[in-house]
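Quick notes on the structure that follows.
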Amino acid sequence: MIEIVSGSRCVTCDVCVAVCPTNVFDRGPDGVPVIARQGDCQTCFMCEAHCPADALFVAPLTHPAPADSPFVDETHLVTGGLLGSYRKEIGWGRGRKPGARLAVGPELGAARITPAALS
Amino acid sequence: MTSEPVPLDLTADVVVAGGGPAGTWAALAAAEAGADVLLLDKGYCGTSGPTASGGTGVWYVDPEPAAREKAMASREGLGGYLADRRWMARVLDQTYENMNRLATEARYPFPVVDGELYKRGVQGPEYMRRMRSWVKRAGVRILDHSPVLELLVDNAGTVAGVRGHRRQHDTGYRVRAGAVVLATGGCAFLSKALGCDVDTGDGALYAAEVGAEMSGMEFSNAYGIAPTFTSVTKTAYYGFATFFRGDGTPLEGAGSQGGRSVIARELLRAGTVLCTLDQATPEQRQQMRLGQPNFFLTFDRLGIDPFTDRFPVTLLLEGTVRGTGGIRIAADDCATSVPGLFAAGDAATRELICGGFTGGGSHNSAWAMSSGTWAGRGAAQFASGLGAGTHRRRLTAAGGAGLRPTGTPRGAGWGEEAILVVREQVHPYDKNYLRHGDRLRPALAELDAAWSALRTGSGAAGAAAVRTRQAAAMVAHARWMYHSALARTESRGMARRQEFPGLDPAQHHRLTVGGLDEIWVRPEARETVAVAS
Ligand SMILES: Cc1cc2nc3c(=O)[nH]c(=O)nc-3n(C[C@H](O)[C@H](O)[C@H](O)COP(=O)(O)OP(=O)(O)OC[C@H]3O[C@@H](n4cnc5c(N)ncnc54)[C@H](O)[C@@H]3O)c2cc1C
Ligand code: SF4
Ligand code: SF4
């Protein structure tokens with residue numbers, strides 16, 4: 001679920017307010033969006049992909065992160081390179097090569113069925 | 001119109017409800033056919049729906065006879081022989097054309113493999129942001145965050161517009177239209193599967209309220225694999241997985257395809273299934289990262305190495321999003337059985353090309369863009385055939401449950417209660433996945449009671465109505481699903497019954513289902529099948 005809107009990074013462009021499919025954000029009084037309806041967040045990472053300032057962080061959990069979780073600690077996320085990491089992976093942002101250009105996965109054969117004993 | 005005046009009163013030749021791949025291709029085709037098009041999305045056209053967040057493999061096959069034959073034959077058996085070769089061929093042709101246009105006209109940055117553009121998949125965010133700009137360039141007007149709440153019909157029962165709510169402005173809207181395309185996606189029952197919470201099956205409810213029929217609703221029990229407590233139900237790469245019980249012993253027979261029910265059974269029995277993607281070679285591991293970066297988001301953020309660590313997995317309900325049931329298609333232009341109403345993408349049945357097997361992995365995306373193109377074109381043609389006076393018709397609002405109670409109104413609260421009933425009766429693996437009549441019947445009774453409470457007592461307006469209508473749509477879906485599942489006393493495609501494990505040649509037909517207060521199921525008429533083949 002969405003956990004962080006970084007007030008120091010946000011450029012108050014309202015993009016996340018517009019693009020969130022489940023309408024989780026409201027525009028805050030200072031222009032920085034507030035997470036108004038976290039319970040409606042579907043953990044789809046689309047706001048992160050579209051934020052031009054790498055100001056958002058979506059924890060990979062379908063429930064709110066506990067108060068002592070590293071997912072709500074902005075400093076930890078910045079040090080770990082996690083803020084803006086999805087955008088980087090898909091090659092969005094100035095000067096980056098669109099990830100779509102490289103998106104060729106492995107050939108998929110029949111799925112493995114787990115055997116009774118592993119050799 | 002019978003209801004109170006609305007702040008935003010619009011007209012359009014064609015209204016498209018839903019802005020995923022099906023809706024955007026429909027809007028584009030309608031605009032190219034000369035129609036004035038309005039696209040309405042509950043969320044945001046460009047990010048909303050599982051294609052935008054998940055990305056899709058695409059059934060893109062070179063028009064070379066041997067390759068096409070192989071592609072058509074590939075899922076026929078799995079689908080219980082309910083698909084139709086003529087429709088498959090049409091979809092393969094249309095998909096080929098659309099994907100090529102995506103490269104040339106929308107300049108989608110396809111990868112290059114052996115000197116050629118590789119068009120067997122699209123990355124979700126990139127695909128859908130390009131579809132959004134493309135439809136805007138074509139002159140389509142888009143209203144985001146504007147869920148459609150109901151259809152409007154004229155005196156003859158022809159669909160002639162929609163009414164809805166603009167949730168970021170907290171105002172209503174009404175559109176008079178020459179034709180309506182429902183492209184609202186499937187129904188995943190608010191399970192939090194990737195990008196699916198916008199897909200509560202609204203379009204099918206609205207269609208049923210004007211008399212349209214559903215088909216294939218028994219093929220609605222798709223569950224996707226995700227790491228426990230996460231949303232990323234990207235199942236393809238679990239083909240490289242070995243599964244384990246909680247005690248570390250191998251879970252014999254488990255697999256992402258052909259062994260998923262083993263996972264469900266173990267989750268029911270013990271609550272824990274672990275897995276590791278140990279079958280991927282180092283080269284495949286690298287390709288996987290490039291192929292689907294969002295598959296790795298959860299792992300990277302949780303500090304899991306999916307190739308060496310054992311991590312817990314769960315199954316999330318994807319309902320008719322990766323199942324194949326939906327609104328029955330009555331003609332080649334994706335018209336429904338109701339004049340003025342067209343259906344595309346997951347809102348429509350995909351049995352025509354998948355039979356009773358999942359359309360995930362490639363068929364659904366091809367269906368979305370093909371059916372969207374045909375529905376958009378068909379709707380434009382229908383609208384232009386109406387002539388003058390189109391927008392002067394007297395319109396009646398068709399919505400029932402959640403809007404206009406038949407008994408004493410008890411407010412919007414029933415919506416939330418109905419959602420709880422759906423969670424308890426539809427999400428559990430022992431009811432919807434591992435199906436048995438003894439468990440389906442009591443579940444259906446609970447859902448029938450929830451429907452009747454909603455129908456008689458729930459009446460809401462504005463933002464609250466968005467929720468009551470979603471609840472009504474999900475309960476309606478669940479009831480169509482279980483009625484159809486009970487009617488199919490055999491195991492065909494993904495509709496398996498524990499007490500009827502075999503295929504029954506006498507039931508080699510599609511099931512049509514319809515109705516709301518009273519639900520009926522019947523085999524699709526032979527004549528209808530004949531027309532479509
Ligand atoms: C994780 C995942 C992976 C998948 N991978 C593949 C794959 O590899 N290949 C494949 O072929 N298929 C795949 N699928 C299936 C595929 O994503 C869908 O078939 C496809 O998105 C259907 O497109 P659509 O336009 O019909 O619906 P959607 O993409 O679901 O779009 C529906 C749109 O309608 C809007 N809407 C809903 N209700 C209303 C309303 N009341 N009013 C207005 N708008 C409304 C929604 O906001 C949304 O924008 C996958 C599905 C999932 C969940
Ligand atoms: S998209 Fe990013 S920069 Fe724009 S308002 Fe949202 S958080 Fe701020
Ligand atoms: S993750 Fe998706 S649903 Fe959640 S806030 Fe971001 S865009 Fe909205």
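Going through the structure tokens in order, the chains are called A, B, and so on, while each chain numbers its residues from 1 and the ligands are numbered from 1 in the order shown.
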- Do a neighbour search on Val11 (chain A) at 10 Å with only C-alpha atoms, toss out local chain neighbours closer than 2 positions, and write the hits as a list in words.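 Non-adjacent residues within range: Ser6, Gly7, Ser8, Arg9, Cys13, Asp14, Val15, Gly31, Val32, Cys51, Pro52, Ala53, Asp54 and Ala55 of chain A.
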- Task: Enumerate as a PyMOL selection string the residues belonging to chain B that approach chain A to within 7 Å, with only C-alpha atoms taken into account.
- Result: chain B and resi 43-44+47-48+53+109-111+123+192+194-195+197-198+229-231+239-243+250-257+259+284+287-288+290-293+298+301
- Counting only C-alpha atoms and all ligand atoms, which of A:His76, A:Arg87, A:Ala65, A:Gly39 gets nearest to ligand 2?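 Distance minimum relative to ligand 2 lands on A:Arg87.
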- Query: Neighbours of region 124-129 of chain B within 6 Å (only C-alpha atoms; same-chain residues fewer than 2 positions away dropped), as JSON, numbers by chain?
  - Reply: {"B": [46, 51, 52, 53, 54, 55, 131, 132]}
- Please identify all polymer residues within 7 Å of region 513-525 of chain B, counting only C-alpha atoms, omitting same-chain residues fewer than 4 positions from it, and present them as a list in words. Ala208, Glu213, Met214, Ser215, Ala476, Trp480, Ser484, His509 and Val529 of chain B
- Task: Run DSSP on the backbone and grab whatever in region 26-113 of chain A lands in helix (DSSP H, G or I); send it over as JSON, numbers by chain.
- Result: {"A": [38, 39, 40, 46, 47, 48, 49, 50, 70, 71, 72, 74, 75, 76, 77, 78, 79, 85, 86, 87, 88, 89, 99, 100, 101, 102]}
- as a list in words, which residues of chain A does DSSP assign to strand (DSSP E or B)?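 Here is the list: Ile2, Glu3, Ile4, Val5, Phe25, Asp26, Val34, Ile35, Leu56, Phe57 and Val58 of chain A.
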- Item | Coordinates-based distance that separates CA of Met72 (chain B) from CA of Arg85 (chain B) (Å, one decimal) |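 According to the coordinates, CA of Arg85 (chain B) and CA of Met72 (chain B) are separated by 7.0 Å.
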- Task: Just the residues within 7 Å of Ala30 (chain B), please, counting only C-alpha atoms, with nothing from its chain fewer than 5 positions along; format it as a list in words.
- Result: Ala35, Val37, Gly376, Arg377, Ala379 and Ala380 of chain B
- Residue contacts of Gly415 (chain B) (9 Å, only C-alpha atoms) excluding same-chain residues fewer than 6 positions away, as a PyMOL selection string: chain B and resi 402+454+458+464-465+467-472
- Distance in Å - atom 8 (Fe, counted along the ligand's line) of ligand 2 versus CA of Ile304 (chain B):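 For atom 8 (Fe, counted along the ligand's line) of ligand 2 relative to CA of Ile304 (chain B), the distance reads 29.2 Å.
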- Atomic distance CA of Arg392 (chain B) - CA of Leu10 (chain B), expressed in Å with one decimal: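 Pair CA of Arg392 (chain B) / CA of Leu10 (chain B) returns 12.5 Å.
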- Counting only C-alpha atoms, closest pick from B:Ala398, B:Thr235, B:Val14, B:Lys136 relative to Leu152 (chain B) is B:Ala398
